[in-house]
$ cat model30.cif   # mmCIF, C-alpha atoms and all ligand atoms
data_protein
loop_
_atom_site.label_atom_id
_atom_site.label_comp_id
_atom_site.auth_asym_id
_atom_site.auth_seq_id
_atom_site.Cartn_x
_atom_site.Cartn_y
_atom_site.Cartn_z
CA MET A 5 -136.36 210.38 48.91
CA THR A 6 -133.60 207.75 48.84
CA GLU A 7 -134.59 204.10 49.03
CA ARG A 8 -133.41 202.13 52.03
CA ALA A 9 -130.38 199.84 51.66
CA LEU A 10 -130.97 196.28 50.43
CA ARG A 11 -130.00 193.76 53.12
CA LEU A 12 -127.95 190.77 51.99
CA GLY A 13 -127.91 187.91 54.52
CA THR A 14 -124.58 186.09 54.65
CA ARG A 15 -122.66 183.54 56.64
CA ARG A 16 -119.57 184.83 58.40
CA SER A 17 -117.01 182.51 56.82
CA LYS A 18 -114.33 184.11 54.70
CA LEU A 19 -115.70 182.39 51.61
CA ALA A 20 -119.30 183.47 52.28
CA MET A 21 -118.21 187.04 53.01
CA ALA A 22 -116.15 187.11 49.82
CA GLN A 23 -118.93 185.85 47.57
CA SER A 24 -121.61 187.95 49.25
CA GLY A 25 -119.34 190.98 48.93
CA GLN A 26 -118.89 190.34 45.22
CA VAL A 27 -122.62 189.96 44.64
CA ALA A 28 -123.35 193.04 46.79
CA GLN A 29 -121.04 195.05 44.55
CA ALA A 30 -122.78 193.77 41.41
CA VAL A 31 -126.20 194.65 42.86
CA ARG A 32 -125.01 198.14 43.82
CA GLN A 33 -123.88 198.71 40.26
CA LEU A 34 -127.08 197.30 38.86
CA THR A 35 -129.49 199.22 41.04
CA GLY A 36 -127.57 202.24 42.27
CA ARG A 37 -128.83 201.30 45.72
CA ALA A 38 -126.82 200.70 48.86
CA VAL A 39 -126.44 197.02 49.83
CA GLU A 40 -125.55 196.11 53.39
CA LEU A 41 -124.30 192.72 54.57
CA VAL A 42 -126.16 191.15 57.50
CA GLU A 43 -124.17 188.35 59.18
CA ILE A 44 -126.02 185.19 60.16
CA THR A 45 -124.66 182.10 61.93
CA THR A 46 -125.75 178.72 60.55
CA TYR A 47 -125.70 175.27 62.13
CA GLY A 48 -123.10 174.14 59.60
CA ASP A 49 -120.73 176.81 60.94
CA THR A 50 -121.03 175.87 64.60
CA SER A 51 -121.30 172.07 64.50
CA ARG A 52 -118.08 170.09 64.90
CA GLU A 53 -119.59 166.93 63.46
CA HIS A 54 -118.71 165.59 60.04
CA LEU A 55 -121.07 166.82 57.36
CA ALA A 56 -122.16 163.32 56.40
CA GLN A 57 -123.23 162.74 60.02
CA ILE A 58 -125.30 165.89 60.40
CA GLY A 59 -127.11 164.92 57.24
CA GLY A 60 -125.36 167.25 54.85
CA THR A 61 -128.26 168.82 53.04
CA GLY A 62 -129.15 172.27 54.10
CA VAL A 63 -126.87 172.76 57.11
CA PHE A 64 -125.46 175.98 55.69
CA VAL A 65 -128.63 177.38 54.19
CA THR A 66 -131.44 176.93 56.70
CA ALA A 67 -130.58 179.91 58.89
CA LEU A 68 -130.21 182.17 55.85
CA ARG A 69 -133.57 181.06 54.53
CA ASP A 70 -135.21 181.58 57.91
CA ALA A 71 -133.89 185.14 57.91
CA LEU A 72 -135.35 185.70 54.43
CA LEU A 73 -138.74 184.34 55.44
CA ARG A 74 -138.79 186.45 58.61
CA GLY A 75 -138.06 189.50 56.49
CA ASP A 76 -134.80 190.21 58.34
CA VAL A 77 -132.93 190.30 55.03
CA ASP A 78 -133.98 190.91 51.41
CA PHE A 79 -131.81 188.37 49.62
CA CYS A 80 -128.93 186.01 50.15
CA VAL A 81 -126.18 184.23 48.26
CA HIS A 82 -125.52 180.49 48.53
CA SER A 83 -122.88 178.21 47.08
CA LEU A 84 -125.16 176.32 44.75
CA LYS A 85 -123.60 172.98 45.63
CA ASP A 86 -124.71 173.42 49.25
CA LEU A 87 -128.39 173.86 48.34
CA PRO A 88 -130.77 170.94 48.82
CA THR A 89 -132.30 169.86 45.50
CA THR A 90 -135.88 170.66 46.48
CA GLN A 91 -136.66 174.35 46.29
CA PRO A 92 -139.10 175.75 48.90
CA ASP A 93 -142.20 177.24 47.20
CA ASP A 94 -141.92 180.54 49.03
CA LEU A 95 -138.32 181.19 47.93
CA THR A 96 -136.95 181.88 44.45
CA ILE A 97 -133.51 181.44 42.94
CA ALA A 98 -133.59 184.83 41.25
CA ALA A 99 -130.18 184.44 39.62
CA VAL A 100 -127.43 181.95 38.96
CA PRO A 101 -124.47 184.08 37.86
CA ARG A 102 -121.84 182.80 35.47
CA ARG A 103 -119.99 179.86 36.97
CA GLU A 104 -116.44 180.12 38.28
CA ASP A 105 -113.96 177.25 37.58
CA ALA A 106 -115.90 174.09 38.51
CA ARG A 107 -112.84 171.90 39.14
CA ASP A 108 -111.42 170.54 42.34
CA VAL A 109 -107.81 171.34 43.10
CA LEU A 110 -105.10 169.83 45.20
CA VAL A 111 -103.17 171.89 47.71
CA ALA A 112 -100.15 169.70 48.39
CA ARG A 113 -96.90 170.11 50.28
CA ASP A 114 -93.86 171.21 48.29
CA GLY A 115 -95.97 172.18 45.27
CA LEU A 116 -96.64 168.54 44.40
CA THR A 117 -99.12 167.41 41.75
CA PHE A 118 -101.34 164.40 42.41
CA ASP A 119 -99.21 162.05 40.31
CA ARG A 120 -96.06 163.04 42.21
CA LEU A 121 -97.34 162.47 45.73
CA ASN A 122 -95.33 160.02 47.80
CA ASP A 123 -96.32 156.41 48.19
CA GLY A 124 -98.87 156.23 51.00
CA ALA A 125 -99.63 159.96 50.80
CA ARG A 126 -102.33 161.14 53.19
CA ILE A 127 -104.92 163.30 51.42
CA GLY A 128 -107.52 165.15 53.45
CA THR A 129 -111.11 165.39 52.26
CA GLY A 130 -114.43 164.93 54.01
CA SER A 131 -116.24 164.43 50.74
CA PRO A 132 -117.27 160.87 49.79
CA ARG A 133 -117.39 162.04 46.14
CA ARG A 134 -113.77 163.14 46.24
CA MET A 135 -112.67 160.04 48.14
CA ALA A 136 -114.38 157.73 45.64
CA GLN A 137 -112.84 159.34 42.59
CA LEU A 138 -109.35 159.91 44.02
CA ASN A 139 -109.19 156.33 45.25
CA ALA A 140 -110.44 155.02 41.90
CA TYR A 141 -107.80 157.06 40.05
CA ALA A 142 -105.08 155.89 42.42
CA ARG A 143 -106.10 152.27 41.90
CA ALA A 144 -106.04 152.65 38.13
CA HIS A 145 -102.59 154.28 38.22
CA HIS A 146 -101.08 152.03 40.88
CA LEU A 147 -100.60 154.89 43.32
CA ARG A 148 -101.03 154.14 47.00
CA ILE A 149 -102.87 156.97 48.78
CA GLU A 150 -104.88 157.23 51.96
CA THR A 151 -107.90 159.54 52.08
CA VAL A 152 -108.33 161.09 55.51
CA PRO A 153 -111.74 162.54 56.49
CA ILE A 154 -111.44 166.17 57.55
CA ARG A 155 -113.71 169.18 57.56
CA GLY A 156 -113.53 172.83 58.39
CA ASN A 157 -113.21 176.02 56.44
CA ILE A 158 -110.61 176.57 53.74
CA ASP A 159 -108.01 177.98 56.19
CA THR A 160 -108.38 175.00 58.49
CA ARG A 161 -108.07 172.53 55.65
CA ILE A 162 -105.00 174.11 54.10
CA GLY A 163 -103.60 174.32 57.64
CA TYR A 164 -103.35 170.50 57.77
CA VAL A 165 -100.88 170.66 54.89
CA ARG A 166 -98.89 173.62 56.22
CA SER A 167 -98.52 171.88 59.60
CA GLY A 168 -97.26 168.71 57.92
CA GLU A 169 -100.12 166.62 59.27
CA LEU A 170 -101.32 165.76 55.76
CA ASP A 171 -99.56 165.62 52.40
CA ALA A 172 -102.43 167.29 50.56
CA VAL A 173 -106.03 168.43 50.76
CA VAL A 174 -108.65 168.71 48.04
CA LEU A 175 -110.68 171.90 47.67
CA ALA A 176 -112.94 173.54 45.11
CA ALA A 177 -111.03 175.89 42.80
CA ALA A 178 -113.94 178.33 42.98
CA GLY A 179 -113.62 178.79 46.73
CA LEU A 180 -109.89 179.51 46.49
CA HIS A 181 -110.48 181.94 43.62
CA ARG A 182 -113.12 183.82 45.58
CA ILE A 183 -110.96 184.31 48.66
CA GLY A 184 -107.93 185.24 46.53
CA ARG A 185 -105.85 182.14 47.34
CA ILE A 186 -105.95 180.22 44.06
CA GLU A 187 -102.13 180.51 43.78
CA GLU A 188 -101.92 177.95 46.58
CA ALA A 189 -103.39 175.23 44.35
CA THR A 190 -100.62 172.84 43.29
CA ASP A 191 -102.69 170.78 40.82
CA PHE A 192 -105.98 171.34 39.00
CA LEU A 193 -107.73 167.99 38.93
CA SER A 194 -109.05 167.27 35.47
CA VAL A 195 -112.80 166.70 35.36
CA ASP A 196 -111.95 163.61 33.32
CA PHE A 197 -110.96 161.93 36.57
CA VAL A 198 -112.63 163.96 39.31
CA LEU A 199 -116.10 165.25 38.46
CA PRO A 200 -117.07 168.16 40.71
CA ALA A 201 -120.14 168.25 42.94
CA PRO A 202 -123.35 169.18 41.12
CA GLY A 203 -123.46 172.98 41.00
CA GLN A 204 -119.86 173.41 42.16
CA GLY A 205 -118.41 176.80 41.32
CA ALA A 206 -121.84 178.39 40.87
CA LEU A 207 -123.73 180.74 43.18
CA ALA A 208 -127.45 181.02 43.77
CA ILE A 209 -128.97 184.41 44.61
CA GLU A 210 -132.22 183.85 46.46
CA CYS A 211 -135.09 186.04 47.61
CA THR A 212 -138.69 185.41 48.62
CA ALA A 213 -141.13 184.46 45.85
CA GLN A 214 -143.33 187.30 47.10
CA ASN A 215 -140.68 189.88 46.30
CA ALA A 216 -141.18 189.76 42.52
CA GLU A 217 -139.82 193.26 42.06
CA LEU A 218 -136.46 192.42 43.61
CA ALA A 219 -136.37 189.03 41.85
CA ALA A 220 -136.75 190.79 38.51
CA VAL A 221 -133.83 193.10 39.29
CA LEU A 222 -131.58 190.27 40.53
CA ALA A 223 -132.44 188.25 37.40
CA GLU A 224 -130.16 190.60 35.48
CA LEU A 225 -127.25 188.75 37.11
CA ASP A 226 -128.45 185.38 35.77
CA ASP A 227 -126.32 183.46 33.27
CA PRO A 228 -128.72 181.24 31.29
CA TYR A 229 -126.06 178.66 30.33
CA THR A 230 -124.89 178.24 33.90
CA ARG A 231 -128.52 178.02 34.97
CA VAL A 232 -129.38 175.13 32.59
CA ALA A 233 -126.11 173.35 33.34
CA VAL A 234 -126.58 173.36 37.11
CA THR A 235 -130.27 172.52 36.71
CA ALA A 236 -129.33 169.37 34.78
CA GLU A 237 -126.62 168.46 37.32
CA ARG A 238 -128.96 168.92 40.28
CA SER A 239 -131.74 167.05 38.52
CA LEU A 240 -129.34 164.10 38.20
CA LEU A 241 -128.55 164.35 41.92
CA ALA A 242 -132.24 164.54 42.85
CA ALA A 243 -133.17 161.61 40.60
CA LEU A 244 -130.44 159.52 42.23
CA GLU A 245 -132.09 160.53 45.50
CA ALA A 246 -128.76 161.65 46.86
CA GLY A 247 -127.84 164.66 48.97
CA CYS A 248 -124.89 167.04 48.87
CA SER A 249 -122.79 164.69 51.00
CA ALA A 250 -123.42 161.71 48.67
CA PRO A 251 -120.63 160.31 46.52
CA VAL A 252 -122.12 161.89 43.38
CA GLY A 253 -120.24 164.04 40.89
CA ALA A 254 -121.83 165.76 37.90
CA LEU A 255 -120.86 168.33 35.33
CA ALA A 256 -122.76 169.75 32.38
CA ASP A 257 -120.69 171.60 29.84
CA LEU A 258 -121.25 173.12 26.45
CA LEU A 259 -119.70 171.65 23.36
CA ALA A 260 -118.82 174.19 20.70
CA ASP A 261 -117.83 174.21 17.07
CA GLY A 262 -115.57 177.24 16.96
CA GLN A 263 -117.63 180.00 18.60
CA VAL A 264 -120.93 178.27 18.00
CA VAL A 265 -122.40 176.28 20.88
CA THR A 266 -123.73 173.03 19.47
CA GLU A 267 -124.65 170.69 22.32
CA MET A 268 -124.57 170.15 26.05
CA ARG A 269 -122.84 167.18 27.61
CA LEU A 270 -123.83 165.93 31.05
CA ARG A 271 -121.45 163.63 32.89
CA GLY A 272 -122.22 161.87 36.15
CA VAL A 273 -120.43 159.56 38.55
CA VAL A 274 -121.30 157.60 41.66
CA GLY A 275 -118.89 155.39 43.52
CA THR A 276 -117.85 153.68 46.70
CA THR A 277 -115.49 155.77 48.82
CA ASP A 278 -112.72 153.18 48.49
CA GLY A 279 -112.81 153.68 44.72
CA SER A 280 -113.30 149.99 44.00
CA THR A 281 -116.48 150.63 42.01
CA LEU A 282 -117.52 153.66 39.98
CA VAL A 283 -120.53 154.09 37.74
CA GLN A 284 -119.63 156.89 35.35
CA LEU A 285 -121.79 157.82 32.38
CA SER A 286 -122.29 160.71 30.03
CA THR A 287 -124.99 161.91 27.68
CA THR A 288 -124.91 164.58 24.99
CA GLY A 289 -127.83 166.39 23.44
CA PRO A 290 -129.22 169.73 22.33
CA VAL A 291 -128.66 172.57 24.80
CA PRO A 292 -131.81 172.59 26.96
CA THR A 293 -133.94 175.63 26.16
CA SER A 294 -136.19 175.34 29.19
CA HIS A 295 -136.02 174.40 32.86
CA GLY A 296 -138.07 171.30 32.01
CA ASP A 297 -135.61 170.14 29.33
CA ALA A 298 -132.68 170.54 31.73
CA ILE A 299 -134.52 168.53 34.38
CA ALA A 300 -135.29 165.82 31.80
CA LEU A 301 -131.64 165.55 30.80
CA GLY A 302 -130.56 164.97 34.40
CA ARG A 303 -133.30 162.39 34.96
CA GLU A 304 -132.40 160.54 31.80
CA LEU A 305 -128.76 160.16 32.83
CA ALA A 306 -129.81 159.20 36.37
CA SER A 307 -131.98 156.36 35.11
CA GLU A 308 -129.11 155.04 32.98
CA MET A 309 -126.83 155.20 36.02
CA LEU A 310 -129.42 153.45 38.20
CA ALA A 311 -129.71 150.72 35.56
CA LYS A 312 -125.95 150.22 35.94
CA GLY A 313 -126.22 149.76 39.69
CA ALA A 314 -125.75 153.33 40.97
CA ALA A 315 -128.29 152.92 43.77
CA GLY A 316 -126.27 150.21 45.47
CA LEU A 317 -123.28 152.56 45.75
CA MET A 318 -125.02 155.38 47.59
CA GLY A 319 -125.96 153.79 50.90
CA GLU A 320 -122.51 154.54 52.23
CA ARG A 321 -121.76 157.32 54.68
CA ALA A 322 -118.45 159.02 55.19
CA LEU A 323 -116.54 158.42 58.40
N1 LIG A 401 -118.65 172.18 50.83
C1 LIG A 401 -118.25 173.51 51.21
C2 LIG A 401 -118.15 174.41 50.04
N2 LIG A 401 -119.24 174.93 49.48
C3 LIG A 401 -118.84 175.72 48.43
C4 LIG A 401 -117.47 175.70 48.36
C5 LIG A 401 -116.67 176.50 47.42
C6 LIG A 401 -116.81 176.14 45.98
C7 LIG A 401 -118.11 176.37 45.29
O1 LIG A 401 -118.68 177.47 45.33
O2 LIG A 401 -118.57 175.43 44.66
C8 LIG A 401 -117.00 174.86 49.38
C9 LIG A 401 -115.61 174.56 49.72
C10 LIG A 401 -114.98 173.39 49.00
O3 LIG A 401 -115.66 172.44 48.60
O4 LIG A 401 -113.74 173.39 48.87
#

$ encode --input "model30.cif" --output "structure tokens"
Amino acid sequence: MTERALRLGTRRSKLAMAQSGQVAQAVRQLTGRAVELVEITTYGDTSREHLAQIGGTGVFVTALRDALLRGDVDFCVHSLKDLPTTQPDDLTIAAVPRREDARDVLVARDGLTFDRLNDGARIGTGSPRRMAQLNAYARAHHLRIETVPIRGNIDTRIGYVRSGELDAVVLAAAGLHRIGRIEEATDFLSVDFVLPAPGQGALAIECTAQNAELAAVLAELDDPYTRVAVTAERSLLAALEAGCSAPVGALADLLADGQVVTEMRLRGVVGTTDGSTLVQLSTTGPVPTSHGDAIALGRELASEMLAKGAAGLMGERAL
């Protein structure tokens, strides 16, 4: 007797369909079973409000999780950066596959890089984290830019540039890669001046905690280095008591001596959206070997950032 198809719950956006499709393919190969996509509409897809106003955390994931808990689907795929930092007890992140490029990119008119934008350039982004760091960089380099709050899916956002309404927009490289449009990036923003959102570029494959059998199968898709890195980044975010729409950037990366991984570095930033103040710190230590060690690393950096005044910079909300 053939087993029934596994049902993968997904949002309908192009990005969600692309990443769910890629994971579905990997699960088919892994299990030899059929995987069918089940489309689910989330509040984040239908609301026209700015993310910071609807509270940010969880707007894209709640409907998917409800479908999991109802048993309508067997597993789902989230962009890790969209997941709230507290994990519900009855759901498990069965796998965090190897991370895609974590950087933010610019899609600018006429192929322009950030440094070559015109004086007074209007750059679209709804993310307080991006606003804070772009404005801080512009201040330091005597560039005059204006960040313009926008939201919408990738097509909509790039559309503002194609229509001439904005000079540039900022997007995650990973999203463009996944939908096959990375060639449209005109500048890859170095993480030395724009730290990505915690978990950016990584996916989380989630199923119910009850479904241990499926969780064990999905765990084959887990990349342990990505898992500890995003755990440390999200621990930093949680310890700063900030959500996914907060002006917080974080990136954990591995330092290597030749081919040998020696240490992990965790960098974090918090700032005001106008870029006038940034608290940016980094810590380096042994690669965490457990979930607990990764959590501790994030907490440690958070407390150093709080001691430098990070808390006072997070009350802000985007327009
Ligand atoms: N906030 C929306 C969102 N959630 C995940 C991605 C794609 C990148 C990723 O997987 O980290 C994006 C788009 C963007 O920020 O440009």

$ residues_near_ligand --input "model30.cif" --ligand "ligand LIG 401 (chain A)" --cutoff "8 Å" --atoms "all atoms listed in the file" --output "list in words"
Leu19, Ser83, Leu84, Lys85, Asp86, Glu104, Ala106, Asp108, Asn157, Ile158, Val174, Leu175, Ala176, Ala177, Ala178, Gly179, Leu180, Ala201, Gly203, Gln204, Gly205, Ala206 and Leu207 of chain A

$ residues_around --input "model30.cif" --residues "range 133-139 of chain A" --least-positions-apart "4" --cutoff "8 Å" --atoms "only C-alpha atoms" --output "VMD selection string"
chain A and resid 129 143 149 151 174 197 to 199 201 249 to 253 274 to 280 282

$ atom_distance --input "model30.cif" --atom1 "CA of Glu267 in chain A" --atom2 "CA of Ala233 in chain A"
11.4 Å

$ axis_aligned_box --input "model30.cif" --around "range 77-81 of chain A" --padding-each-side "6 Å" --output "lines of an AutoDock Vina configuration file"
center_x = -130.1
center_y = 187.6
center_z = 51.6
size_x = 19.8
size_y = 18.7
size_z = 18.8

$ residues_around --input "model30.cif" --residues "Val77 in chain A" --least-positions-apart "3" --cutoff "9 Å" --atoms "only C-alpha atoms" --output "PDB file with C-alpha atoms, in the frame of the given file"
ATOM      1  CA  LEU A  10    -130.970 196.280  50.430  1.00  0.00           C
ATOM      2  CA  ARG A  11    -130.000 193.760  53.120  1.00  0.00           C
ATOM      3  CA  LEU A  12    -127.950 190.770  51.990  1.00  0.00           C
ATOM      4  CA  GLY A  13    -127.910 187.910  54.520  1.00  0.00           C
ATOM      5  CA  LEU A  41    -124.300 192.720  54.570  1.00  0.00           C
ATOM      6  CA  VAL A  42    -126.160 191.150  57.500  1.00  0.00           C
ATOM      7  CA  LEU A  68    -130.210 182.170  55.850  1.00  0.00           C
ATOM      8  CA  ALA A  71    -133.890 185.140  57.910  1.00  0.00           C
ATOM      9  CA  LEU A  72    -135.350 185.700  54.430  1.00  0.00           C
ATOM     10  CA  LEU A  73    -138.740 184.340  55.440  1.00  0.00           C
ATOM     11  CA  ARG A  74    -138.790 186.450  58.610  1.00  0.00           C
ATOM     12  CA  CYS A  80    -128.930 186.010  50.150  1.00  0.00           C
ATOM     13  CA  CYS A 211    -135.090 186.040  47.610  1.00  0.00           C
TER      14      CYS A 211
END

$ closest_residue --input "model30.cif" --among "A:Ala298, A:Ala213, A:Met309, A:Leu285" --to "Val234 in chain A" --atoms "only C-alpha atoms"
A:Ala298

$ closest_residue --input "model30.cif" --among "A:Thr89, A:Ser24, A:Thr190, A:Thr287" --to "Pro202 in chain A" --atoms "only C-alpha atoms"
A:Thr89

$ closest_residue --input "model30.cif" --among "A:Asn215, A:Ser239, A:Thr230, A:Ser307" --to "Arg103 in chain A" --atoms "only C-alpha atoms"
A:Thr230

$ closest_residue --input "model30.cif" --among "A:Ala243, A:Leu317, A:Ala67, A:Ala98" --to "Ile299 in chain A" --atoms "only C-alpha atoms"
A:Ala243

$ atom_distance --input "model30.cif" --atom1 "CA of Leu255 in chain A" --atom2 "CA of Leu170 in chain A"
28.4 Å

$ closest_residue --input "model30.cif" --among "A:Pro292, A:Gly184, A:Pro200, A:Gly130" --to "Val232 in chain A" --atoms "only C-alpha atoms"
A:Pro292

$ closest_residue --input "model30.cif" --among "A:Ala9, A:Gly128, A:Gln214, A:Ala140" --to "Asp94 in chain A" --atoms "only C-alpha atoms"
A:Gln214

$ atom_distance --input "model30.cif" --atom1 "CA of Gln23 in chain A" --atom2 "CA of Asp93 in chain A"
24.8 Å

$ residues_around --input "model30.cif" --residues "Glu169 in chain A" --least-positions-apart "2" --cutoff "12 Å" --atoms "all atoms listed in the file" --output "PyMOL selection string"
chain A and resi 112-113+125-128+152+154+160-167+171-173
